[in-house]
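This is coords.pdb. It holds PDB, C-alpha atoms.
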ATOM      1  CA  MET A   1      82.510 -17.566 -54.035
ATOM      2  CA  GLY A   2      81.990 -20.331 -51.518
ATOM      3  CA  LYS A   3      78.758 -20.820 -49.611
ATOM      4  CA  LEU A   4      80.540 -19.983 -46.335
ATOM      5  CA  ASP A   5      82.923 -17.232 -47.426
ATOM      6  CA  GLY A   6      83.741 -15.031 -44.446
ATOM      7  CA  ARG A   7      82.160 -17.370 -41.894
ATOM      8  CA  VAL A   8      83.896 -18.739 -38.773
ATOM      9  CA  VAL A   9      82.488 -22.122 -37.708
ATOM     10  CA  LEU A  10      83.391 -24.310 -34.740
ATOM     11  CA  VAL A  11      82.864 -28.050 -35.336
ATOM     12  CA  THR A  12      83.018 -30.502 -32.433
ATOM     13  CA  GLY A  13      84.122 -34.095 -32.858
ATOM     14  CA  ALA A  14      85.926 -32.855 -35.951
ATOM     15  CA  ALA A  15      88.949 -35.144 -35.927
ATOM     16  CA  ARG A  16      87.234 -38.001 -37.764
ATOM     17  CA  GLY A  17      83.970 -39.250 -39.219
ATOM     18  CA  GLN A  18      81.125 -36.834 -39.860
ATOM     19  CA  GLY A  19      82.897 -33.991 -38.079
ATOM     20  CA  GLU A  20      86.015 -34.362 -40.204
ATOM     21  CA  GLN A  21      83.991 -34.272 -43.409
ATOM     22  CA  GLU A  22      82.076 -31.238 -42.160
ATOM     23  CA  ALA A  23      85.321 -29.405 -41.364
ATOM     24  CA  ARG A  24      86.760 -30.276 -44.781
ATOM     25  CA  LEU A  25      83.655 -29.236 -46.692
ATOM     26  CA  PHE A  26      83.219 -26.016 -44.753
ATOM     27  CA  ALA A  27      86.838 -25.050 -45.431
ATOM     28  CA  GLU A  28      86.347 -25.825 -49.128
ATOM     29  CA  GLU A  29      83.334 -23.506 -49.097
ATOM     30  CA  GLY A  30      85.370 -20.621 -47.697
ATOM     31  CA  ALA A  31      84.863 -20.911 -43.937
ATOM     32  CA  ARG A  32      87.544 -20.590 -41.329
ATOM     33  CA  VAL A  33      87.080 -23.666 -39.180
ATOM     34  CA  VAL A  34      87.824 -24.384 -35.535
ATOM     35  CA  VAL A  35      88.544 -28.118 -35.400
ATOM     36  CA  ALA A  36      87.524 -29.210 -31.887
ATOM     37  CA  ASP A  37      88.033 -32.704 -30.502
ATOM     38  CA  VAL A  38      89.584 -34.745 -27.704
ATOM     39  CA  LEU A  39      91.664 -36.590 -30.334
ATOM     40  CA  THR A  40      94.561 -34.165 -30.247
ATOM     41  CA  GLU A  41      96.905 -35.760 -32.767
ATOM     42  CA  ARG A  42      94.272 -36.330 -35.448
ATOM     43  CA  GLY A  43      92.603 -32.986 -34.870
ATOM     44  CA  ARG A  44      95.843 -31.053 -35.041
ATOM     45  CA  ALA A  45      96.864 -32.873 -38.227
ATOM     46  CA  LEU A  46      93.541 -32.029 -39.880
ATOM     47  CA  ALA A  47      93.809 -28.344 -38.948
ATOM     48  CA  GLU A  48      97.345 -28.222 -40.343
ATOM     49  CA  GLU A  49      96.187 -29.900 -43.557
ATOM     50  CA  LEU A  50      93.363 -27.406 -43.978
ATOM     51  CA  GLY A  51      95.857 -24.564 -43.604
ATOM     52  CA  GLY A  52      96.898 -22.063 -40.970
ATOM     53  CA  ASP A  53      94.778 -19.272 -42.446
ATOM     54  CA  SER A  54      91.712 -21.508 -42.628
ATOM     55  CA  ALA A  55      91.752 -23.684 -39.519
ATOM     56  CA  ARG A  56      92.770 -23.957 -35.892
ATOM     57  CA  PHE A  57      92.694 -26.979 -33.615
ATOM     58  CA  VAL A  58      91.524 -26.829 -30.025
ATOM     59  CA  ARG A  59      91.255 -29.731 -27.620
ATOM     60  CA  LEU A  60      87.657 -29.763 -26.458
ATOM     61  CA  ASP A  61      85.921 -32.176 -24.128
ATOM     62  CA  VAL A  62      82.358 -31.092 -24.853
ATOM     63  CA  GLY A  63      81.155 -32.126 -21.412
ATOM     64  CA  CYS A  64      83.568 -29.702 -19.729
ATOM     65  CA  GLU A  65      82.399 -26.102 -19.354
ATOM     66  CA  GLU A  66      85.965 -24.817 -18.933
ATOM     67  CA  ASP A  67      87.006 -26.438 -22.215
ATOM     68  CA  TRP A  68      84.218 -24.566 -23.998
ATOM     69  CA  ALA A  69      85.494 -21.267 -22.629
ATOM     70  CA  ASP A  70      88.977 -22.140 -23.913
ATOM     71  CA  ALA A  71      87.618 -23.103 -27.337
ATOM     72  CA  VAL A  72      85.770 -19.807 -27.687
ATOM     73  CA  ALA A  73      88.927 -17.935 -26.696
ATOM     74  CA  VAL A  74      91.023 -19.800 -29.286
ATOM     75  CA  ALA A  75      88.483 -19.103 -32.023
ATOM     76  CA  LYS A  76      88.250 -15.404 -31.217
ATOM     77  CA  ASP A  77      92.008 -15.042 -30.914
ATOM     78  CA  ALA A  78      92.551 -16.729 -34.288
ATOM     79  CA  PHE A  79      89.640 -15.379 -36.308
ATOM     80  CA  GLY A  80      88.075 -12.553 -34.283
ATOM     81  CA  ARG A  81      84.624 -14.064 -33.853
ATOM     82  CA  ILE A  82      82.405 -17.148 -34.197
ATOM     83  CA  ASP A  83      79.231 -17.156 -36.271
ATOM     84  CA  GLY A  84      78.558 -20.861 -36.670
ATOM     85  CA  LEU A  85      78.560 -23.972 -34.480
ATOM     86  CA  VAL A  86      78.137 -27.629 -35.382
ATOM     87  CA  ASN A  87      77.553 -29.764 -32.292
ATOM     88  CA  ASN A  88      78.705 -33.016 -33.858
ATOM     89  CA  ALA A  89      80.560 -34.816 -31.043
ATOM     90  CA  GLY A  90      78.796 -37.903 -29.734
ATOM     91  CA  ILE A  91      79.294 -41.390 -28.347
ATOM     92  CA  LEU A  92      77.312 -44.623 -28.600
ATOM     93  CA  ARG A  93      77.132 -47.489 -26.115
ATOM     94  CA  PHE A  94      75.272 -50.749 -26.753
ATOM     95  CA  ASN A  95      73.478 -52.330 -23.823
ATOM     96  CA  ALA A  96      70.071 -53.646 -22.858
ATOM     97  CA  LEU A  97      68.299 -50.967 -20.851
ATOM     98  CA  LEU A  98      68.032 -53.057 -17.681
ATOM     99  CA  ASP A  99      71.717 -53.980 -17.932
ATOM    100  CA  THR A 100      72.958 -50.428 -18.464
ATOM    101  CA  PRO A 101      75.086 -49.237 -15.533
ATOM    102  CA  PRO A 102      74.102 -45.746 -14.346
ATOM    103  CA  ALA A 103      77.683 -44.577 -14.941
ATOM    104  CA  GLU A 104      77.461 -45.640 -18.597
ATOM    105  CA  PHE A 105      74.127 -43.866 -19.007
ATOM    106  CA  GLN A 106      75.541 -40.684 -17.497
ATOM    107  CA  GLU A 107      78.625 -40.911 -19.729
ATOM    108  CA  VAL A 108      76.425 -40.844 -22.835
ATOM    109  CA  VAL A 109      74.302 -38.012 -21.427
ATOM    110  CA  ARG A 110      77.418 -35.991 -20.585
ATOM    111  CA  VAL A 111      78.740 -36.046 -24.156
ATOM    112  CA  ASN A 112      75.624 -36.168 -26.312
ATOM    113  CA  LEU A 113      73.245 -33.943 -24.374
ATOM    114  CA  THR A 114      75.197 -31.901 -21.834
ATOM    115  CA  GLY A 115      77.880 -31.287 -24.479
ATOM    116  CA  THR A 116      75.267 -29.892 -26.858
ATOM    117  CA  PHE A 117      73.774 -27.705 -24.133
ATOM    118  CA  LEU A 118      77.161 -26.347 -23.074
ATOM    119  CA  GLY A 119      78.045 -25.642 -26.699
ATOM    120  CA  ILE A 120      74.899 -23.610 -27.279
ATOM    121  CA  ARG A 121      75.380 -21.792 -23.992
ATOM    122  CA  ALA A 122      79.017 -20.911 -24.702
ATOM    123  CA  VAL A 123      78.823 -20.045 -28.389
ATOM    124  CA  ALA A 124      75.378 -18.485 -28.916
ATOM    125  CA  PRO A 125      76.378 -15.168 -27.285
ATOM    126  CA  GLU A 126      79.395 -14.996 -29.615
ATOM    127  CA  ILE A 127      77.230 -15.705 -32.661
ATOM    128  CA  ALA A 128      74.814 -12.984 -31.593
ATOM    129  CA  ALA A 129      77.697 -10.547 -31.089
ATOM    130  CA  ALA A 130      78.911 -11.347 -34.617
ATOM    131  CA  GLY A 131      75.542 -10.305 -36.033
ATOM    132  CA  GLY A 132      73.832 -13.681 -36.104
ATOM    133  CA  GLY A 133      74.487 -17.083 -37.577
ATOM    134  CA  THR A 134      73.695 -20.749 -37.192
ATOM    135  CA  ILE A 135      73.819 -23.699 -34.822
ATOM    136  CA  VAL A 136      73.498 -27.245 -36.149
ATOM    137  CA  ASN A 137      72.958 -29.933 -33.537
ATOM    138  CA  THR A 138      73.398 -33.632 -34.205
ATOM    139  CA  SER A 139      70.506 -35.841 -33.217
ATOM    140  CA  SER A 140      69.843 -39.198 -34.872
ATOM    141  CA  PHE A 141      67.377 -41.458 -36.616
ATOM    142  CA  THR A 142      66.878 -42.834 -33.094
ATOM    143  CA  GLY A 143      65.905 -39.353 -31.892
ATOM    144  CA  LEU A 144      62.620 -39.819 -33.766
ATOM    145  CA  THR A 145      61.919 -43.466 -32.993
ATOM    146  CA  GLY A 146      63.230 -46.227 -30.747
ATOM    147  CA  MET A 147      65.871 -48.887 -31.168
ATOM    148  CA  ALA A 148      66.688 -51.779 -28.888
ATOM    149  CA  LEU A 149      70.049 -51.855 -27.074
ATOM    150  CA  VAL A 150      70.786 -48.118 -27.423
ATOM    151  CA  GLY A 151      68.591 -46.711 -24.662
ATOM    152  CA  ALA A 152      71.024 -44.077 -23.394
ATOM    153  CA  TYR A 153      71.908 -42.957 -26.910
ATOM    154  CA  ALA A 154      68.283 -42.756 -28.080
ATOM    155  CA  ALA A 155      67.266 -40.852 -24.946
ATOM    156  CA  THR A 156      69.939 -38.218 -25.517
ATOM    157  CA  LYS A 157      69.110 -37.857 -29.185
ATOM    158  CA  HIS A 158      65.412 -37.332 -28.424
ATOM    159  CA  ALA A 159      66.484 -34.703 -25.887
ATOM    160  CA  VAL A 160      68.730 -32.953 -28.414
ATOM    161  CA  LEU A 161      65.682 -32.400 -30.613
ATOM    162  CA  GLY A 162      63.798 -30.801 -27.734
ATOM    163  CA  LEU A 163      66.785 -28.613 -26.940
ATOM    164  CA  THR A 164      67.023 -27.614 -30.604
ATOM    165  CA  LYS A 165      63.423 -26.432 -30.709
ATOM    166  CA  VAL A 166      63.735 -24.438 -27.485
ATOM    167  CA  ALA A 167      66.998 -22.848 -28.655
ATOM    168  CA  ALA A 168      65.414 -21.950 -32.006
ATOM    169  CA  LEU A 169      62.550 -20.175 -30.246
ATOM    170  CA  GLU A 170      64.753 -18.333 -27.774
ATOM    171  CA  LEU A 171      67.539 -17.349 -30.159
ATOM    172  CA  ALA A 172      65.595 -16.333 -33.279
ATOM    173  CA  GLY A 173      65.377 -12.773 -32.028
ATOM    174  CA  ARG A 174      69.165 -12.679 -31.775
ATOM    175  CA  GLY A 175      69.600 -13.675 -35.411
ATOM    176  CA  ILE A 176      70.505 -17.299 -34.717
ATOM    177  CA  ARG A 177      68.947 -20.240 -36.541
ATOM    178  CA  VAL A 178      69.101 -23.629 -34.792
ATOM    179  CA  ASN A 179      68.404 -26.919 -36.547
ATOM    180  CA  ALA A 180      69.244 -30.589 -36.097
ATOM    181  CA  ILE A 181      70.439 -33.321 -38.394
ATOM    182  CA  CYS A 182      69.170 -36.857 -37.778
ATOM    183  CA  PRO A 183      71.448 -39.382 -39.478
ATOM    184  CA  GLY A 184      70.619 -43.023 -39.834
ATOM    185  CA  ALA A 185      73.484 -45.487 -40.078
ATOM    186  CA  VAL A 186      76.586 -43.725 -41.429
ATOM    187  CA  ASP A 187      79.887 -45.311 -42.386
ATOM    188  CA  THR A 188      82.017 -43.901 -39.582
ATOM    189  CA  ALA A 189      83.875 -45.492 -36.693
ATOM    190  CA  MET A 190      80.679 -45.329 -34.602
ATOM    191  CA  SER A 191      78.855 -47.707 -36.949
ATOM    192  CA  ASN A 192      81.934 -49.371 -38.413
ATOM    193  CA  PRO A 193      84.618 -49.994 -35.734
ATOM    194  CA  ALA A 194      86.782 -51.682 -38.374
ATOM    195  CA  LEU A 195      87.717 -48.189 -39.549
ATOM    196  CA  LEU A 196      89.761 -47.828 -36.351
ATOM    197  CA  ASP A 197      91.850 -50.910 -37.213
ATOM    198  CA  PRO A 198      94.948 -49.903 -39.234
ATOM    199  CA  GLY A 199      95.058 -53.397 -40.725
ATOM    200  CA  ALA A 200      91.463 -53.429 -41.912
ATOM    201  CA  ASP A 201      90.345 -52.868 -45.490
ATOM    202  CA  PRO A 202      87.945 -49.882 -45.342
ATOM    203  CA  ALA A 203      86.392 -50.719 -48.704
ATOM    204  CA  ALA A 204      85.696 -54.299 -47.666
ATOM    205  CA  SER A 205      84.203 -53.306 -44.317
ATOM    206  CA  SER A 206      81.993 -50.687 -45.978
ATOM    207  CA  ALA A 207      80.833 -53.238 -48.538
ATOM    208  CA  GLY A 208      79.913 -55.571 -45.693
ATOM    209  CA  LEU A 209      77.850 -52.855 -44.041
ATOM    210  CA  ASP A 210      76.111 -52.094 -47.323
ATOM    211  CA  ALA A 211      75.133 -55.749 -47.537
ATOM    212  CA  TYR A 212      73.725 -55.614 -43.994
ATOM    213  CA  TYR A 213      71.783 -52.385 -44.507
ATOM    214  CA  ARG A 214      70.495 -53.465 -47.903
ATOM    215  CA  GLU A 215      67.735 -55.317 -46.050
ATOM    216  CA  LEU A 216      66.887 -52.367 -43.768
ATOM    217  CA  VAL A 217      67.325 -49.238 -45.843
ATOM    218  CA  PRO A 218      65.248 -48.562 -48.993
ATOM    219  CA  MET A 219      68.270 -47.019 -50.738
ATOM    220  CA  GLY A 220      70.136 -50.267 -50.114
ATOM    221  CA  ARG A 221      73.296 -49.009 -48.422
ATOM    222  CA  ILE A 222      74.784 -47.279 -45.417
ATOM    223  CA  GLY A 223      75.159 -43.482 -45.499
ATOM    224  CA  ARG A 224      78.454 -41.716 -46.177
ATOM    225  CA  PRO A 225      79.837 -39.042 -43.838
ATOM    226  CA  GLU A 226      80.277 -36.605 -46.724
ATOM    227  CA  GLU A 227      76.503 -36.804 -47.329
ATOM    228  CA  VAL A 228      75.851 -35.751 -43.743
ATOM    229  CA  ALA A 229      78.405 -32.959 -44.162
ATOM    230  CA  ALA A 230      76.484 -31.664 -47.166
ATOM    231  CA  LEU A 231      73.327 -31.416 -45.054
ATOM    232  CA  ALA A 232      75.254 -29.591 -42.310
ATOM    233  CA  LEU A 233      76.527 -27.190 -44.980
ATOM    234  CA  PHE A 234      72.983 -26.501 -46.181
ATOM    235  CA  LEU A 235      71.840 -25.700 -42.637
ATOM    236  CA  THR A 236      74.883 -23.475 -42.032
ATOM    237  CA  SER A 237      74.588 -21.545 -45.290
ATOM    238  CA  ARG A 238      72.143 -18.951 -46.620
ATOM    239  CA  ASP A 239      70.438 -21.720 -48.582
ATOM    240  CA  SER A 240      68.443 -22.461 -45.415
ATOM    241  CA  SER A 241      67.859 -18.821 -44.437
ATOM    242  CA  TYR A 242      64.180 -19.279 -43.471
ATOM    243  CA  ILE A 243      64.554 -22.592 -41.640
ATOM    244  CA  THR A 244      64.915 -22.965 -37.878
ATOM    245  CA  GLY A 245      63.837 -25.370 -35.140
ATOM    246  CA  GLN A 246      63.638 -28.363 -37.479
ATOM    247  CA  PRO A 247      64.935 -31.959 -37.519
ATOM    248  CA  PHE A 248      66.366 -33.117 -40.859
ATOM    249  CA  VAL A 249      66.439 -36.878 -41.374
ATOM    250  CA  ILE A 250      69.211 -38.285 -43.569
ATOM    251  CA  ASP A 251      68.833 -42.052 -43.509
ATOM    252  CA  GLY A 252      68.264 -43.422 -47.015
ATOM    253  CA  GLY A 253      64.558 -43.848 -46.284
ATOM    254  CA  TRP A 254      64.990 -46.075 -43.232
ATOM    255  CA  LEU A 255      62.613 -44.122 -40.990
ATOM    256  CA  ALA A 256      59.940 -44.078 -43.697
ATOM    257  CA  GLY A 257      59.812 -47.858 -43.534
ATOM    258  CA  VAL A 258      59.852 -47.971 -39.745
ATOM    259  CA  SER A 259      56.896 -45.579 -39.543
ATOM    260  CA  LEU A 260      54.741 -48.041 -41.520
ATOM    261  CA  HIS A 261      54.887 -50.744 -38.836
TER     262      HIS A 261
END
Go through the file and emit its structure as structure tokens.
Amino acid sequence: MGKLDGRVVLVTGAARGQGEQEARLFAEEGARVVVADVLTERGRALAEELGGDSARFVRLDVGCEEDWADAVAVAKDAFGRIDGLVNNAGILRFNALLDTPPAEFQEVVRVNLTGTFLGIRAVAPEIAAAGGGTIVNTSSFTGLTGMALVGAYAATKHAVLGLTKVAALELAGRGIRVNAICPGAVDTAMSNPALLDPGADPAASSAGLDAYYRELVPMGRIGRPEEVAALALFLTSRDSSYITGQPFVIDGGWLAGVSLH
């Protein structure tokens, strides 16, 4: 018996990185997974790899309300219901706050914050209709502190935590638990753009990041996407049955050191 046997979970940003590992792990644990992403080729390939009985791909721009309606329809047509959502999709832009163009700021808000809001709004009624379930939002280490040059990103991740708490309060009576994961640096394309280069050596680039984060992170390395997926699994499974409205930091101890200064 898997931890998610019988569950139907929609994962956004599931074509690569944390979302891909979440989709893989959830399928291994018995869930039927809706792989949602704007990366059509990669997302479709992942859904096919996971198996027709276990996964479906849907193209989803999380900032588009109409796309959310389509994603819900695909999930219900394929699997009959939805009882879990992982709002994983997100983008990061580096810029000094005073140099950030308003259009860039709004782009980050549209994906990271509006996308999370639209996901909750579209999927929560389906989860309630299925008898209850879970929503896992993706905040960040920077949602609990500050970091130079990522003003738009940090602002949205702080806001995701506020949205998580409000959703937890409002949806508890409908049988829905809502929590947030707060990753530190994780070895995905967001932190490690070399992973997008077909000619790059992933092992070498990851080793380089470990060397960089050795000075920042008490555990001496960057996080792995499969570790974040394991936390998302915990918050989606019955193992966390009495937990809602909470941020869960997964950062190798980085925030513990920051809080001392």
Excluding segment 44-54 of chain A and residues on its chain fewer than 4 positions from it, collect all residues at most 8 Å away from it, counting only C-alpha atoms, and give them as a PyMOL selection string. chain A and resi 15+20+24+27+31-35+40+58
What does the distance from atom CA of Cys64 of chain A to atom CA of Ala180 of chain A come to in Å, to one decimal? 21.8 Å
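The interatomic distance for the pair atom CA of Thr116 of chain A and atom CA of Val62 of chain A works out to 7.5 Å.
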Of the candidates A:Ala69, A:Met147, A:Pro225, A:Gln246, which shows the shortest atom-to-atom distance to Met190 of chain A, using only C-alpha atoms? A:Pro225
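Nearest to Asn112 of chain A of all the residues A:Ala14, A:Leu4, A:Ile222, A:Leu161 is A:Leu161, based on only C-alpha atoms.
Evaluated against the shown file, the PyMOL selection byres ((chain A and resi 139) around 8) gives Asn137, Thr138, Ser140, Phe141, Thr142, Gly143, Lys157, His158, Val160, Leu161, Ala180, Ile181, Cys182 and Pro183 of chain A.
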Spatial neighbours of Pro218 of chain A, 12 Å, all atoms listed in the file, chain gap at least 2 places, as JSON, numbers by chain: {"A": [184, 210, 213, 214, 215, 216, 220, 221, 222, 223, 251, 252, 253, 254, 255, 256, 257, 258]}
